[in-house]
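K.L.:
My structure is in upload.pdb, and what it holds is PDB, C-alpha atoms:
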```pdb
ATOM      1  CA  MET A   1      28.078   3.686   4.106
ATOM      2  CA  LEU A   2      28.712   0.231   2.671
ATOM      3  CA  GLU A   3      26.358  -2.540   3.753
ATOM      4  CA  PHE A   4      25.840  -6.178   2.796
ATOM      5  CA  GLY A   5      22.432  -7.828   2.589
ATOM      6  CA  TYR A   6      23.741 -11.335   3.343
ATOM      7  CA  PRO A   7      27.180 -10.926   4.973
ATOM      8  CA  TRP A   8      27.226 -14.537   6.219
ATOM      9  CA  LEU A   9      27.613 -15.703   2.609
ATOM     10  CA  ALA A  10      31.187 -14.350   2.753
ATOM     11  CA  LEU A  11      32.113 -17.657   4.421
ATOM     12  CA  LEU A  12      31.880 -19.231   0.971
ATOM     13  CA  VAL A  13      35.286 -17.650   0.249
ATOM     14  CA  PHE A  14      36.925 -20.536   2.125
ATOM     15  CA  LEU A  15      35.151 -23.261   0.133
ATOM     16  CA  PRO A  16      37.923 -23.630  -2.557
ATOM     17  CA  LEU A  17      40.553 -23.812   0.205
ATOM     18  CA  LEU A  18      38.668 -26.664   1.903
ATOM     19  CA  LEU A  19      38.359 -28.511  -1.388
ATOM     20  CA  ARG A  20      42.111 -28.056  -2.057
ATOM     21  CA  ILE A  21      43.025 -29.400   1.391
ATOM     22  CA  LYS A  22      40.811 -32.412   0.858
ATOM     23  CA  ARG A  23      42.343 -33.094  -2.573
ATOM     24  CA  SER A  24      45.911 -32.773  -1.211
ATOM     25  CA  ALA A  25      45.139 -35.280   1.509
ATOM     26  CA  GLN A  26      43.809 -37.742  -1.041
ATOM     27  CA  THR A  27      46.894 -37.278  -3.230
ATOM     28  CA  GLU A  28      49.315 -37.903  -0.364
ATOM     29  CA  ALA A  29      47.453 -41.083   0.609
ATOM     30  CA  ALA A  30      47.682 -42.492  -2.916
ATOM     31  CA  ILE A  31      50.511 -44.824  -4.055
ATOM     32  CA  THR A  32      53.089 -42.898  -6.074
ATOM     33  CA  LEU A  33      54.907 -44.741  -8.882
ATOM     34  CA  PRO A  34      58.427 -43.474  -9.800
ATOM     35  CA  ALA A  35      57.689 -43.316 -13.520
ATOM     36  CA  LEU A  36      54.438 -41.497 -12.908
ATOM     37  CA  ALA A  37      56.171 -39.037 -10.588
ATOM     38  CA  LYS A  38      58.742 -38.179 -13.273
ATOM     39  CA  LEU A  39      56.033 -37.662 -15.843
ATOM     40  CA  THR A  40      54.076 -35.454 -13.444
ATOM     41  CA  ASP A  41      57.155 -33.358 -12.621
ATOM     42  CA  ALA A  42      57.896 -32.769 -16.298
ATOM     43  CA  SER A  43      54.335 -31.787 -17.025
ATOM     44  CA  SER A  44      54.141 -29.466 -14.042
ATOM     45  CA  GLN A  45      57.341 -27.642 -15.046
ATOM     46  CA  THR A  46      55.938 -27.034 -18.536
ATOM     47  CA  SER A  47      52.559 -25.693 -17.377
ATOM     48  CA  ARG A  48      53.540 -24.067 -14.082
ATOM     49  CA  HIS A  49      53.244 -20.521 -15.370
ATOM     50  CA  TRP A  50      49.860 -21.072 -16.975
ATOM     51  CA  LEU A  51      48.457 -22.896 -13.958
ATOM     52  CA  SER A  52      49.589 -20.059 -11.711
ATOM     53  CA  LEU A  53      47.778 -17.457 -13.843
ATOM     54  CA  ASN A  54      44.748 -19.734 -14.166
ATOM     55  CA  SER A  55      44.535 -20.150 -10.396
ATOM     56  CA  VAL A  56      44.787 -16.409  -9.767
ATOM     57  CA  LEU A  57      42.019 -15.617 -12.261
ATOM     58  CA  ALA A  58      39.791 -18.389 -10.919
ATOM     59  CA  LEU A  59      40.341 -17.171  -7.362
ATOM     60  CA  LEU A  60      39.472 -13.573  -8.323
ATOM     61  CA  ILE A  61      36.328 -14.694 -10.126
ATOM     62  CA  TRP A  62      35.246 -16.716  -7.096
ATOM     63  CA  LEU A  63      35.867 -13.775  -4.732
ATOM     64  CA  LEU A  64      33.826 -11.471  -6.976
ATOM     65  CA  LEU A  65      30.950 -13.957  -7.181
ATOM     66  CA  VAL A  66      30.896 -14.349  -3.399
ATOM     67  CA  THR A  67      30.933 -10.564  -3.023
ATOM     68  CA  ALA A  68      27.981 -10.269  -5.388
ATOM     69  CA  ALA A  69      26.121 -12.979  -3.429
ATOM     70  CA  THR A  70      26.394 -10.902  -0.251
ATOM     71  CA  GLN A  71      24.404  -8.160  -2.078
ATOM     72  CA  PRO A  72      26.560  -5.096  -1.421
ATOM     73  CA  ARG A  73      24.777  -1.754  -1.391
ATOM     74  CA  TRP A  74      25.592   1.834  -0.535
ATOM     75  CA  LEU A  75      23.391   3.569   2.045
ATOM     76  CA  GLY A  76      23.035   7.325   1.831
ATOM     77  CA  GLU A  77      22.484   9.702   4.712
ATOM     78  CA  PRO A  78      19.172   9.261   6.655
ATOM     79  CA  ILE A  79      16.335  11.442   5.349
ATOM     80  CA  THR A  80      13.341  12.260   7.553
ATOM     81  CA  MET A  81      10.033  13.097   5.880
ATOM     82  CA  PRO A  82       7.415  14.664   8.159
ATOM     83  CA  GLN A  83       3.905  13.344   7.678
ATOM     84  CA  GLN A  84       0.627  15.154   7.928
ATOM     85  CA  GLY A  85      -2.712  13.567   7.374
ATOM     86  CA  ARG A  86      -6.183  12.854   8.636
ATOM     87  CA  ASP A  87      -7.879   9.686   9.851
ATOM     88  CA  LEU A  88     -11.354   9.598   8.310
ATOM     89  CA  MET A  89     -14.009   6.898   8.425
ATOM     90  CA  LEU A  90     -16.704   7.216   5.735
ATOM     91  CA  ALA A  91     -20.125   5.673   6.437
ATOM     92  CA  LEU A  92     -22.286   5.431   3.300
ATOM     93  CA  ASP A  93     -26.022   4.733   3.285
ATOM     94  CA  LEU A  94     -27.063   1.957   0.846
ATOM     95  CA  SER A  95     -30.758   1.817   1.746
ATOM     96  CA  GLY A  96     -33.427   1.528  -0.938
ATOM     97  CA  SER A  97     -34.222   5.256  -0.926
ATOM     98  CA  MET A  98     -30.734   5.995  -2.276
ATOM     99  CA  GLU A  99     -32.153   4.884  -5.624
ATOM    100  CA  ILE A 100     -34.297   8.047  -5.920
ATOM    101  CA  ALA A 101     -33.080  10.095  -8.908
ATOM    102  CA  ASP A 102     -33.469  13.590  -7.449
ATOM    103  CA  MET A 103     -29.857  14.812  -7.609
ATOM    104  CA  LEU A 104     -29.272  17.335 -10.377
ATOM    105  CA  TYR A 105     -25.959  17.870 -12.173
ATOM    106  CA  ASN A 106     -25.666  20.032 -15.291
ATOM    107  CA  GLY A 107     -29.396  19.790 -15.789
ATOM    108  CA  GLN A 108     -29.351  15.981 -15.654
ATOM    109  CA  SER A 109     -30.791  13.934 -12.809
ATOM    110  CA  MET A 110     -29.016  10.984 -11.208
ATOM    111  CA  ASN A 111     -29.824   8.789  -8.264
ATOM    112  CA  ARG A 112     -28.446   9.612  -4.864
ATOM    113  CA  LEU A 113     -25.955   6.757  -4.688
ATOM    114  CA  ASP A 114     -24.356   7.634  -8.040
ATOM    115  CA  ALA A 115     -24.105  11.274  -6.958
ATOM    116  CA  VAL A 116     -22.456  10.322  -3.677
ATOM    117  CA  LYS A 117     -20.067   7.979  -5.470
ATOM    118  CA  GLN A 118     -19.021  10.718  -7.881
ATOM    119  CA  VAL A 119     -18.325  13.243  -5.146
ATOM    120  CA  VAL A 120     -16.580  10.780  -2.823
ATOM    121  CA  SER A 121     -14.427   9.537  -5.727
ATOM    122  CA  ASP A 122     -13.220  13.080  -6.383
ATOM    123  CA  PHE A 123     -12.700  13.510  -2.669
ATOM    124  CA  LEU A 124     -10.514  10.380  -2.474
ATOM    125  CA  LYS A 125      -8.262  11.650  -5.268
ATOM    126  CA  ARG A 126      -7.424  14.666  -3.103
ATOM    127  CA  ARG A 127      -6.720  12.708   0.053
ATOM    128  CA  GLN A 128      -3.066  11.800  -0.540
ATOM    129  CA  GLY A 129      -1.476  11.424   2.891
ATOM    130  CA  ASP A 130      -4.807  10.759   4.624
ATOM    131  CA  ARG A 131      -5.917   7.435   6.035
ATOM    132  CA  ILE A 132      -9.437   6.487   4.927
ATOM    133  CA  GLY A 133     -11.848   3.727   5.976
ATOM    134  CA  LEU A 134     -15.200   2.773   4.429
ATOM    135  CA  ILE A 135     -18.374   1.497   6.113
ATOM    136  CA  LEU A 136     -21.531   0.568   4.193
ATOM    137  CA  PHE A 137     -24.853   0.334   6.013
ATOM    138  CA  ALA A 138     -28.509  -0.478   5.361
ATOM    139  CA  ASP A 139     -30.174  -3.275   7.392
ATOM    140  CA  ALA A 140     -26.809  -3.639   9.131
ATOM    141  CA  ALA A 141     -23.397  -1.981   8.982
ATOM    142  CA  TYR A 142     -20.307  -3.575   7.455
ATOM    143  CA  GLN A 143     -16.714  -2.420   7.265
ATOM    144  CA  GLN A 144     -15.529  -2.603   3.678
ATOM    145  CA  THR A 145     -12.006  -1.291   4.351
ATOM    146  CA  PRO A 146     -10.197  -0.419   7.591
ATOM    147  CA  LEU A 147      -8.352   2.858   7.912
ATOM    148  CA  THR A 148      -5.715   2.648   5.210
ATOM    149  CA  PHE A 149      -3.445   4.706   3.003
ATOM    150  CA  ASP A 150      -4.379   2.413   0.112
ATOM    151  CA  LEU A 151      -6.914   4.749  -1.463
ATOM    152  CA  VAL A 152      -7.029   2.620  -4.624
ATOM    153  CA  THR A 153      -8.600  -0.212  -2.641
ATOM    154  CA  VAL A 154     -11.035   2.180  -0.961
ATOM    155  CA  GLN A 155     -12.042   3.477  -4.385
ATOM    156  CA  LYS A 156     -12.503  -0.085  -5.667
ATOM    157  CA  MET A 157     -14.748  -0.990  -2.734
ATOM    158  CA  LEU A 158     -16.733   2.196  -3.266
ATOM    159  CA  ASP A 159     -17.209   1.417  -6.961
ATOM    160  CA  ASP A 160     -18.367  -2.117  -6.134
ATOM    161  CA  SER A 161     -21.043  -0.940  -3.689
ATOM    162  CA  VAL A 162     -24.567  -1.329  -5.067
ATOM    163  CA  LEU A 163     -28.052  -0.675  -3.782
ATOM    164  CA  ARG A 164     -29.609  -3.389  -1.623
ATOM    165  CA  LEU A 165     -26.156  -4.906  -1.104
ATOM    166  CA  VAL A 166     -26.800  -4.995   2.650
ATOM    167  CA  GLY A 167     -30.583  -4.551   2.703
ATOM    168  CA  THR A 168     -33.114  -1.763   2.137
ATOM    169  CA  ARG A 169     -33.529  -0.160   5.571
ATOM    170  CA  THR A 170     -31.261   2.287   7.431
ATOM    171  CA  ALA A 171     -29.124   1.332  10.448
ATOM    172  CA  ILE A 172     -27.615   4.703  11.369
ATOM    173  CA  GLY A 173     -26.946   3.747  15.002
ATOM    174  CA  GLU A 174     -25.167   0.544  14.019
ATOM    175  CA  ALA A 175     -23.005   2.404  11.480
ATOM    176  CA  ILE A 176     -21.895   4.864  14.156
ATOM    177  CA  GLY A 177     -21.231   2.075  16.660
ATOM    178  CA  LEU A 178     -19.120   0.140  14.172
ATOM    179  CA  ALA A 179     -17.167   3.264  13.193
ATOM    180  CA  VAL A 180     -16.438   4.065  16.853
ATOM    181  CA  LYS A 181     -15.295   0.481  17.450
ATOM    182  CA  ARG A 182     -12.928   0.560  14.471
ATOM    183  CA  LEU A 183     -11.555   4.025  15.236
ATOM    184  CA  ASN A 184     -10.793   2.943  18.794
ATOM    185  CA  THR A 185      -8.327   0.366  17.472
ATOM    186  CA  TYR A 186      -6.036   3.210  16.356
ATOM    187  CA  GLU A 187      -4.122   5.613  18.538
ATOM    188  CA  SER A 188      -5.167   8.921  17.072
ATOM    189  CA  SER A 189      -5.778  12.401  18.449
ATOM    190  CA  ASN A 190      -8.366  13.100  15.766
ATOM    191  CA  LYS A 191     -11.042  10.448  15.228
ATOM    192  CA  VAL A 192     -13.487  11.572  12.564
ATOM    193  CA  LEU A 193     -16.586   9.949  11.089
ATOM    194  CA  ILE A 194     -18.339  11.337   7.997
ATOM    195  CA  LEU A 195     -21.823   9.850   7.785
ATOM    196  CA  LEU A 196     -23.903  10.254   4.623
ATOM    197  CA  SER A 197     -27.577   9.274   4.826
ATOM    198  CA  ASP A 198     -30.924  10.128   3.216
ATOM    199  CA  GLY A 199     -33.314   8.702   5.801
ATOM    200  CA  ALA A 200     -34.060   7.897   9.425
ATOM    201  CA  ASN A 201     -32.889   5.031  11.603
ATOM    202  CA  THR A 202     -35.150   2.055  10.891
ATOM    203  CA  ALA A 203     -32.898  -0.937  11.600
ATOM    204  CA  GLY A 204     -29.918  -2.161  13.590
ATOM    205  CA  ASN A 205     -29.253  -3.452  17.090
ATOM    206  CA  ILE A 206     -28.182  -0.095  18.495
ATOM    207  CA  GLN A 207     -30.100   3.159  18.547
ATOM    208  CA  PRO A 208     -28.445   6.336  17.202
ATOM    209  CA  LEU A 209     -28.515   8.155  20.557
ATOM    210  CA  GLU A 210     -26.878   5.177  22.259
ATOM    211  CA  ALA A 211     -24.203   5.173  19.559
ATOM    212  CA  LEU A 212     -23.848   8.919  20.048
ATOM    213  CA  GLN A 213     -22.909   8.392  23.692
ATOM    214  CA  LEU A 214     -20.283   5.865  22.634
ATOM    215  CA  ALA A 215     -18.868   8.327  20.124
ATOM    216  CA  LYS A 216     -18.702  11.102  22.714
ATOM    217  CA  ALA A 217     -16.975   8.816  25.209
ATOM    218  CA  ALA A 218     -14.429   7.764  22.578
ATOM    219  CA  GLY A 219     -13.813  11.323  21.400
ATOM    220  CA  VAL A 220     -15.105  10.673  17.888
ATOM    221  CA  LYS A 221     -16.165  13.745  15.920
ATOM    222  CA  ILE A 222     -19.135  13.098  13.611
ATOM    223  CA  HIS A 223     -19.821  15.141  10.492
ATOM    224  CA  THR A 224     -23.173  14.296   8.953
ATOM    225  CA  VAL A 225     -24.464  14.870   5.422
ATOM    226  CA  GLY A 226     -28.178  14.722   4.640
ATOM    227  CA  VAL A 227     -28.632  13.658   1.016
ATOM    228  CA  GLY A 228     -31.699  14.317  -1.135
ATOM    229  CA  ALA A 229     -33.654  17.116  -2.833
ATOM    230  CA  GLU A 230     -36.562  18.861  -1.138
ATOM    231  CA  GLN A 231     -38.641  19.210  -4.281
ATOM    232  CA  MET A 232     -39.190  16.820  -7.142
ATOM    233  CA  ILE A 233     -41.718  16.801  -9.981
ATOM    234  CA  GLN A 234     -43.612  13.521 -10.168
ATOM    235  CA  GLN A 235     -45.726  12.376 -13.084
ATOM    236  CA  SER A 236     -49.066  10.691 -12.358
ATOM    237  CA  VAL A 237     -52.333   9.925 -14.137
ATOM    238  CA  PHE A 238     -53.628  13.239 -12.811
ATOM    239  CA  GLY A 239     -50.662  15.189 -14.248
ATOM    240  CA  GLN A 240     -47.584  16.629 -12.569
ATOM    241  CA  ARG A 241     -47.235  17.293  -8.892
ATOM    242  CA  ILE A 242     -44.419  18.478  -6.664
ATOM    243  CA  ILE A 243     -43.387  16.157  -3.884
ATOM    244  CA  ASN A 244     -40.704  16.153  -1.191
ATOM    245  CA  PRO A 245     -38.564  13.044  -1.817
ATOM    246  CA  SER A 246     -36.655  13.691   1.424
ATOM    247  CA  HIS A 247     -39.626  13.563   3.774
ATOM    248  CA  ASP A 248     -38.037  10.547   5.510
ATOM    249  CA  LEU A 249     -34.766  12.356   6.184
ATOM    250  CA  ASP A 250     -34.262  12.707   9.945
ATOM    251  CA  GLU A 251     -32.482  16.057   9.910
ATOM    252  CA  PRO A 252     -32.890  16.716  13.662
ATOM    253  CA  LEU A 253     -31.040  13.466  14.393
ATOM    254  CA  LEU A 254     -28.219  14.231  11.961
ATOM    255  CA  ILE A 255     -27.874  17.737  13.386
ATOM    256  CA  GLN A 256     -27.782  16.389  16.951
ATOM    257  CA  LEU A 257     -25.143  13.802  16.043
ATOM    258  CA  ALA A 258     -22.924  16.518  14.584
ATOM    259  CA  GLU A 259     -23.433  19.206  17.225
ATOM    260  CA  GLU A 260     -22.906  16.981  20.262
ATOM    261  CA  THR A 261     -19.607  15.666  18.882
ATOM    262  CA  ASN A 262     -18.333  19.101  17.765
ATOM    263  CA  GLY A 263     -18.921  18.197  14.133
ATOM    264  CA  ARG A 264     -20.919  19.862  11.373
ATOM    265  CA  TYR A 265     -24.086  19.024   9.513
ATOM    266  CA  PHE A 266     -24.315  19.532   5.752
ATOM    267  CA  ARG A 267     -27.442  19.429   3.626
ATOM    268  CA  ALA A 268     -26.866  18.140   0.101
ATOM    269  CA  ARG A 269     -29.926  18.855  -2.056
ATOM    270  CA  ASP A 270     -27.980  18.551  -5.304
ATOM    271  CA  LEU A 271     -24.521  17.676  -6.516
ATOM    272  CA  ASN A 272     -23.181  21.193  -6.012
ATOM    273  CA  GLU A 273     -24.134  21.180  -2.354
ATOM    274  CA  LEU A 274     -22.781  17.682  -1.995
ATOM    275  CA  ASN A 275     -19.407  19.012  -3.132
ATOM    276  CA  LYS A 276     -19.233  20.969   0.123
ATOM    277  CA  ILE A 277     -17.705  17.848   1.566
ATOM    278  CA  TYR A 278     -14.419  19.298   0.287
ATOM    279  CA  GLN A 279     -14.843  22.299   2.538
ATOM    280  CA  LEU A 280     -15.636  20.010   5.423
ATOM    281  CA  ILE A 281     -12.445  18.013   5.030
ATOM    282  CA  ASP A 282     -10.283  21.096   4.538
ATOM    283  CA  GLN A 283     -11.485  22.453   7.871
ATOM    284  CA  LEU A 284     -10.417  19.384   9.811
ATOM    285  CA  GLU A 285      -7.204  19.675  11.791
ATOM    286  CA  PRO A 286      -4.461  17.502  10.279
ATOM    287  CA  ILE A 287      -2.849  14.878  12.464
ATOM    288  CA  GLU A 288       0.854  15.261  13.130
ATOM    289  CA  ARG A 289       2.433  11.826  12.804
ATOM    290  CA  ASP A 290       5.966  10.754  13.506
ATOM    291  CA  GLY A 291       8.215  11.465  10.583
ATOM    292  CA  VAL A 292       9.167   8.604   8.316
ATOM    293  CA  THR A 293      12.942   8.117   8.158
ATOM    294  CA  TYR A 294      14.544   6.268   5.310
ATOM    295  CA  ARG A 295      18.020   5.901   3.818
ATOM    296  CA  PRO A 296      18.382   5.929   0.048
ATOM    297  CA  GLN A 297      19.979   2.714  -1.162
ATOM    298  CA  ARG A 298      22.067   2.096  -4.255
ATOM    299  CA  SER A 299      22.848  -1.484  -5.198
ATOM    300  CA  LEU A 300      26.497  -2.280  -6.031
ATOM    301  CA  LEU A 301      25.721  -5.828  -7.124
ATOM    302  CA  HIS A 302      26.399  -5.162 -10.805
ATOM    303  CA  TRP A 303      30.037  -4.164 -10.223
ATOM    304  CA  PRO A 304      31.420  -7.493  -8.903
ATOM    305  CA  LEU A 305      29.192  -9.441 -11.293
ATOM    306  CA  GLY A 306      30.387  -7.434 -14.282
ATOM    307  CA  LEU A 307      34.035  -7.774 -13.301
ATOM    308  CA  ALA A 308      33.608 -11.513 -12.708
ATOM    309  CA  LEU A 309      32.110 -11.861 -16.184
ATOM    310  CA  LEU A 310      35.002  -9.940 -17.730
ATOM    311  CA  LEU A 311      37.606 -12.089 -15.963
ATOM    312  CA  SER A 312      35.718 -15.210 -17.092
ATOM    313  CA  PHE A 313      36.219 -14.117 -20.700
ATOM    314  CA  VAL A 314      39.936 -13.545 -19.997
ATOM    315  CA  LEU A 315      40.251 -16.983 -18.394
ATOM    316  CA  ALA A 316      38.457 -18.615 -21.327
ATOM    317  CA  ALA A 317      40.762 -16.831 -23.801
ATOM    318  CA  PHE A 318      43.884 -17.996 -21.938
ATOM    319  CA  SER A 319      42.533 -21.561 -21.851
ATOM    320  CA  ILE A 320      41.974 -21.553 -25.620
ATOM    321  CA  ASN A 321      45.457 -20.133 -26.267
ATOM    322  CA  TRP A 322      47.106 -22.666 -23.935
ATOM    323  CA  ARG A 323      45.391 -25.577 -25.653
ATOM    324  CA  GLY A 324      46.563 -24.278 -29.015
ATOM    325  CA  VAL A 325      50.130 -23.986 -27.792
ATOM    326  CA  ALA A 326      49.988 -27.474 -26.254
ATOM    327  CA  GLU A 327      48.614 -29.042 -29.432
ATOM    328  CA  HIS A 328      51.276 -27.259 -31.536
ATOM    329  CA  ALA A 329      54.044 -28.419 -29.197
ATOM    330  CA  GLY A 330      52.691 -31.948 -29.297
TER     331      GLY A 330
END
```
Would you mind writing the file's structure down as structure tokens?

P.N.:
Amino acid sequence: MLEFGYPWLALLVFLPLLLRIKRSAQTEAAITLPALAKLTDASSQTSRHWLSLNSVLALLIWLLLVTAATQPRWLGEPITMPQQGRDLMLALDLSGSMEIADMLYNGQSMNRLDAVKQVVSDFLKRRQGDRIGLILFADAAYQQTPLTFDLVTVQKMLDDSVLRLVGTRTAIGEAIGLAVKRLNTYESSNKVLILLSDGANTAGNIQPLEALQLAKAAGVKIHTVGVGAEQMIQQSVFGQRIINPSHDLDEPLLIQLAEETNGRYFRARDLNELNKIYQLIDQLEPIERDGVTYRPQRSLLHWPLGLALLLSFVLAAFSINWRGVAEHAG
């Protein structure tokens, strides 16, 4: 199907005709001298053929340029692409305890935030077709990105997150409340929050159980991930001792948040367990969205432009030849 981007520009076709009418009116109004009339008639008889060809070529070039200005394009048959995806809000803990280097990977230890970043980065690469949002929380909760298909921006915001960016405490309730508020702005049959934390609620204007009631009322499913090892060797002046770096982790709360919203709780003691987030996402039901319909387009702009250029060369060649003939005859 042929379509024009700017069909109203086709009115420019009549511009030369208007200019010719105006020029004819001016000519008729002018005083005509007999001698000048004879000279004009003789000249017009000599060049009539050339002027006729010149006018035709000029008219064709103008028509082609106007056609190109209307941006002609060919539209193919409509193609519908069904979409499947998930709407996921990620809430990431940036409290001071995320600095503890108790996460093991290939025999090397790394702090909790770096481990979470590594796993979530891999997770984002596999989320083509999903809509992801990012919330960071510590003393308060902040939305870094809304739900979006732009996973590159989500990854950039994740990379830019640093410890103590929003404080040192843990506002779990506020993170849940903010996630519920943001998810409610979208019409979705599957509202999911994945909350990663390594501590207990110690800050925020809303308590976790209050936020839980909001999530249940809004139909938000919460999957929680408790981050941190249960044993860690600590050096002291008295030698080595084994401590539990996750003694502040409020597992009962995280379990309750998940169970009462039909979600799941995951315990990530090292990087391998943290990778179970992949299994979590794969178990979520995908959202059926309306199919995206598009029509492939093929621009035809180059055809009239190319032909106009070719005719311009022809017109220029005729003009040069005519001048040569006129000079020779003179």

K.L.:
Skipping near chain neighbours, those fewer than 5 positions away, what residues fall within 7 Å of Asp139 (chain A) using all atoms listed in the file, listed as a PDB file with C-alpha atoms, keeping the file's coordinate frame?

P.N.:
```pdb
ATOM      1  CA  VAL A 166     -26.800  -4.995   2.650  1.00  0.00           C
ATOM      2  CA  GLY A 167     -30.583  -4.551   2.703  1.00  0.00           C
ATOM      3  CA  THR A 168     -33.114  -1.763   2.137  1.00  0.00           C
ATOM      4  CA  ARG A 169     -33.529  -0.160   5.571  1.00  0.00           C
ATOM      5  CA  THR A 170     -31.261   2.287   7.431  1.00  0.00           C
ATOM      6  CA  ALA A 171     -29.124   1.332  10.448  1.00  0.00           C
ATOM      7  CA  ALA A 203     -32.898  -0.937  11.600  1.00  0.00           C
ATOM      8  CA  GLY A 204     -29.918  -2.161  13.590  1.00  0.00           C
TER       9      GLY A 204
END
```

K.L.:
Would you work out the distance separating CA of Arg295 (chain A) from CA of Tyr6 (chain A), expressed in Å to one decimal?

P.N.:
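CA of Tyr6 (chain A) lies 18.2 Å from CA of Arg295 (chain A).
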
K.L.:
Could you work out how far CA of Ala10 (chain A) lies from CA of Leu63 (chain A), giving the answer in Å with one decimal?

P.N.:
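CA of Leu63 (chain A) sits 8.8 Å away from CA of Ala10 (chain A).
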
K.L.:
Please indicate the distance in Å from CA of Pro208 (chain A) to CA of Gln256 (chain A), rounded to one decimal place.

P.N.:
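CA of Gln256 (chain A) lies 10.1 Å from CA of Pro208 (chain A).
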
K.L.:
Considering all atoms listed in the file, state which residue in the set A:Ala175, A:Leu315, A:Arg127, A:His247 is at the smallest distance from Val152 (chain A).

P.N.:
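Checking each of A:Ala175, A:Leu315, A:Arg127, A:His247 against Val152 (chain A), counting all atoms listed in the file, the winner is A:Arg127.
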
K.L.:
On this file, the PyMOL selection byres ((chain A and resi 60) around 12) gives some set of residues; write that set as a PyMOL selection string.

P.N.:
chain A and resi 13+16+53-59+61-67+304-305+307-312+314-315

K.L.:
Around the point (21.1, -13.6, -4.4) in the file's coordinates, collect all residues with an atom within 10 Å, using all atoms listed in the file, and return them as a PDB file with C-alpha atoms, in the frame of the given file.

P.N.:
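Now in part-v8.pdb:
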```
ATOM      1  CA  GLY A   5      22.432  -7.828   2.589  1.00  0.00           C
ATOM      2  CA  TYR A   6      23.741 -11.335   3.343  1.00  0.00           C
ATOM      3  CA  LEU A   9      27.613 -15.703   2.609  1.00  0.00           C
ATOM      4  CA  VAL A  66      30.896 -14.349  -3.399  1.00  0.00           C
ATOM      5  CA  ALA A  68      27.981 -10.269  -5.388  1.00  0.00           C
ATOM      6  CA  ALA A  69      26.121 -12.979  -3.429  1.00  0.00           C
ATOM      7  CA  THR A  70      26.394 -10.902  -0.251  1.00  0.00           C
ATOM      8  CA  GLN A  71      24.404  -8.160  -2.078  1.00  0.00           C
ATOM      9  CA  LEU A 301      25.721  -5.828  -7.124  1.00  0.00           C
TER      10      LEU A 301
END
```

K.L.:
Between A:Asp87, A:Glu99, A:Asp93, A:Asp159, which is the closest to Asp198 (chain A) once you count all atoms listed in the file?

P.N.:
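Among A:Asp87, A:Glu99, A:Asp93, A:Asp159, it is A:Asp93 that comes nearest to Asp198 (chain A).
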
K.L.:
My list of candidates is A:Tyr265, A:Asn201, A:Val162, A:Thr145. Which is closest to Leu90 (chain A) when distances are computed with all atoms listed in the file?

P.N.:
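That would be A:Thr145, the residue with the smallest distance to Leu90 (chain A).
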
K.L.:
Between A:Ala101, A:Leu158, A:Ile176, A:Val227, which one has atoms that come closest to Ser121 (chain A), using only C-alpha atoms?

P.N.:
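With only C-alpha atoms as the atom set, the closest residue is A:Leu158.
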
K.L.:
Using only C-alpha atoms, which protein or nucleic acid residues come within 10 Å of Ile132 (chain A)? Drop anything in the same chain fewer than 4 positions from it, and give the result as a short mmCIF file (atom, residue, chain, number, x, y, z; two decimals) with C-alpha atoms, keeping the file's coordinate frame.

P.N.:
```cif
data_model
loop_
_atom_site.label_atom_id
_atom_site.label_comp_id
_atom_site.auth_asym_id
_atom_site.auth_seq_id
_atom_site.Cartn_x
_atom_site.Cartn_y
_atom_site.Cartn_z
CA ARG A 86 -6.18 12.85 8.64
CA ASP A 87 -7.88 9.69 9.85
CA LEU A 88 -11.35 9.60 8.31
CA MET A 89 -14.01 6.90 8.43
CA LEU A 90 -16.70 7.22 5.74
CA LEU A 124 -10.51 10.38 -2.47
CA ARG A 127 -6.72 12.71 0.05
CA GLN A 128 -3.07 11.80 -0.54
CA THR A 145 -12.01 -1.29 4.35
CA PRO A 146 -10.20 -0.42 7.59
CA LEU A 147 -8.35 2.86 7.91
CA THR A 148 -5.72 2.65 5.21
CA PHE A 149 -3.44 4.71 3.00
CA ASP A 150 -4.38 2.41 0.11
CA LEU A 151 -6.91 4.75 -1.46
CA VAL A 154 -11.04 2.18 -0.96
#
```

K.L.:
Mind giving me the axis-aligned box for region 114-132 of chain A with 5 Å on every side, centre plus edges in Å to one decimal, as JSON?

P.N.:
```
{"center_x": -12.9, "center_y": 10.6, "center_z": -1.0, "size_x": 32.9, "size_y": 18.2, "size_z": 24.1}
```

K.L.:
Quick check on the file I pasted: which residues fall under the PyMOL selection byres ((chain A and resi 273-275) around 9)? Write them as a list in words.

P.N.:
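Checked against the file, the PyMOL selection byres ((chain A and resi 273-275) around 9) matches Ala115, Val116, Val119, Val120, Phe123, Val225, Val227, Phe266, Arg267, Ala268, Arg269, Asp270, Leu271, Asn272, Lys276, Ile277, Tyr278 and Gln279 of chain A.
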
K.L.:
Name the closest residue to Glu174 (chain A) among the candidates A:Thr153, A:Thr202, A:Ser52, A:Ser161; distances are taken between atoms, counting all atoms listed in the file.

P.N.:
A:Thr202

K.L.:
Let me make sure I understand: among A:Ser97, A:Gln207, A:Thr293, A:Gln118, which one has the smallest atom-to-atom distance to Leu249 (chain A) if we use only C-alpha atoms?

P.N.:
A:Ser97
